[in-house]
Amino acid sequence: MPGLGGNARLTWTIGVMAAVVLAGGVSYAWLTRPTGTLSAAHVAGGPSRPSGRSTGAGTATGLTISVRIDASGAAAVTERLAWPPAPHGRSVMVGLPDQVSGAGLPDGQTARPRVSELRVSYGGSAITPDARGGQQWTLELPASASGSALDVTYRLDGVALTSKPAPRGRAIVLIVSMLRALAANAPITVSVAGPTATTILGLNCPSAPAAAMVCGQPSGGQWAATFPAGHGLDARVLTAQVNLPT
């Protein structure tokens, strides 16, 4: 695959790139700087560009991310990406950074996401991920798949960070997506739940413009954020403020 080393490793730093004074306030632009190759953005033959249409198989185009944070601060993540048209018979790259630091996380701390229990299916057919090192995988999409939805589930450890002073059990949990780069300009929906209805205190988007950083809303015992088509970069990194059992 182009742009991918055999043992590529990826570090993200989220920080303020520039502050521009405008009438009535300050506008901030946020930057994510990879020190390796962000392989998830590469698709053999070019990236798929979802447009928000139906796939024709009853699945709406876009990326849906569901996160359930457990009592330890680890996250069970389910992602579904639907493309039109279905890119059958192609290879795609997916992955997560080895570490993330910067805006939205406690000062001086670095989250080190670790993926385990990765399962992948496409159009209902199971796919065996081909590990390429540095938490990046090649997925061979079967040409005979009956649908066009790519589903991944995995456990994410190393994403809960505590800051002091703070109430006992209070933590910031980092949320990053394995499929977001593949989603291109498609709409994205994120839902975050915890072990109890009061675990999640808020959901923020530190990579979004300043006015959109508080991006989540409580809904039925969980928190949700919606990013319309063309705003996927705002969902590069999300953080949940949580109360973990002590």
# chains A, B, ... in the order shown; residues from 1 in each chain; ligands from 1
call {"tool": "residues_around", "arguments": {"residues": "Glu117 in chain A", "least_positions_apart": "2", "cutoff": "9 Å", "atoms": "only C-alpha atoms", "output": "list in words"}}
result
Val115, Arg119, Thr153, Tyr154, Arg155 and Leu156 of chain A
call {"tool": "closest_residue", "arguments": {"among": "A:Gly232, A:Gly158, A:Gly89, A:Gly123", "to": "Ala111 in chain A", "atoms": "only C-alpha atoms"}}
result
A:Gly158
call {"tool": "closest_atom_pairs", "arguments": {"of": "range 199-230 of chain A", "to": "range 61-67 of chain A", "cutoff": "12 Å", "atoms": "only C-alpha atoms", "output": "JSON lines"}}
result
{"residue": "A:Ile200", "atom": "CA", "partner": "A:Val67", "partner_atom": "CA", "distance": 11.4}
{"residue": "A:Leu203", "atom": "CA", "partner": "A:Val67", "partner_atom": "CA", "distance": 11.8}
{"residue": "A:Gln222", "atom": "CA", "partner": "A:Val67", "partner_atom": "CA", "distance": 9.8}
{"residue": "A:Trp223", "atom": "CA", "partner": "A:Val67", "partner_atom": "CA", "distance": 9.8}
{"residue": "A:Ala224", "atom": "CA", "partner": "A:Ser66", "partner_atom": "CA", "distance": 9.2}
{"residue": "A:Ala225", "atom": "CA", "partner": "A:Ile65", "partner_atom": "CA", "distance": 9.9}
{"residue": "A:Thr226", "atom": "CA", "partner": "A:Thr64", "partner_atom": "CA", "distance": 9.4}
{"residue": "A:Phe227", "atom": "CA", "partner": "A:Leu63", "partner_atom": "CA", "distance": 9.7}
{"residue": "A:Pro228", "atom": "CA", "partner": "A:Gly62", "partner_atom": "CA", "distance": 9.5}
{"residue": "A:Ala229", "atom": "CA", "partner": "A:Gly62", "partner_atom": "CA", "distance": 8.4}
{"residue": "A:Gly230", "atom": "CA", "partner": "A:Gly62", "partner_atom": "CA", "distance": 11.0}
call {"tool": "atom_distance", "arguments": {"atom1": "CA of Asp70 in chain A", "atom2": "CA of Asp234 in chain A"}}
result
25.0 Å
call {"tool": "atom_distance", "arguments": {"atom1": "CA of Pro97 in chain A", "atom2": "CA of Trp137 in chain A"}}
result
12.0 Å
call {"tool": "residues_around", "arguments": {"residues": "Val176 in chain A", "least_positions_apart": "3", "cutoff": "12 Å", "atoms": "only C-alpha atoms", "output": "number ranges by chain"}}
result
A: 12, 65-67, 75-79, 95-100, 111-115, 154-159, 173, 179-181, 190, 192, 205-207, 233-240
call {"tool": "select_by_dssp", "arguments": {"residues": "range 69-168 of chain A", "states": "strand (DSSP E or B)", "output": "PyMOL selection string"}}
result
chain A and resi 69+75-82+91-95+99-102+110-111+114-122+125-127+130-131+136-140+149-157+160-161
call {"tool": "atom_distance", "arguments": {"atom1": "CA of Val214 in chain A", "atom2": "CA of Pro165 in chain A"}}
result
22.0 Å
call {"tool": "closest_residue", "arguments": {"among": "A:Ala211, A:Leu139, A:Ala166, A:Ile127", "to": "Arg90 in chain A", "atoms": "only C-alpha atoms"}}
result
A:Leu139
call {"tool": "closest_residue", "arguments": {"among": "A:Ala197, A:Ala143, A:Ile172, A:Val120", "to": "Leu81 in chain A", "atoms": "only C-alpha atoms"}}
result
A:Val120
call {"tool": "closest_residue", "arguments": {"among": "A:Leu150, A:Gly134, A:Ala71, A:Pro218", "to": "Ala183 in chain A", "atoms": "only C-alpha atoms"}}
result
A:Leu150
call {"tool": "closest_residue", "arguments": {"among": "A:Gln109, A:Ala82, A:Leu244, A:Gly202", "to": "Arg168 in chain A", "atoms": "only C-alpha atoms"}}
result
A:Leu244
call {"tool": "closest_residue", "arguments": {"among": "A:Leu161, A:Ala208, A:Ala186, A:Ala171", "to": "Gly108 in chain A", "atoms": "only C-alpha atoms"}}
result
A:Leu161
call {"tool": "select_by_dssp", "arguments": {"residues": "range 178-231 of chain A", "states": "helix (DSSP H, G or I)", "output": "list in words"}}
result
Arg180, Ala181, Leu182, Ala183, Ala210, Ala211 and Ala212 of chain A
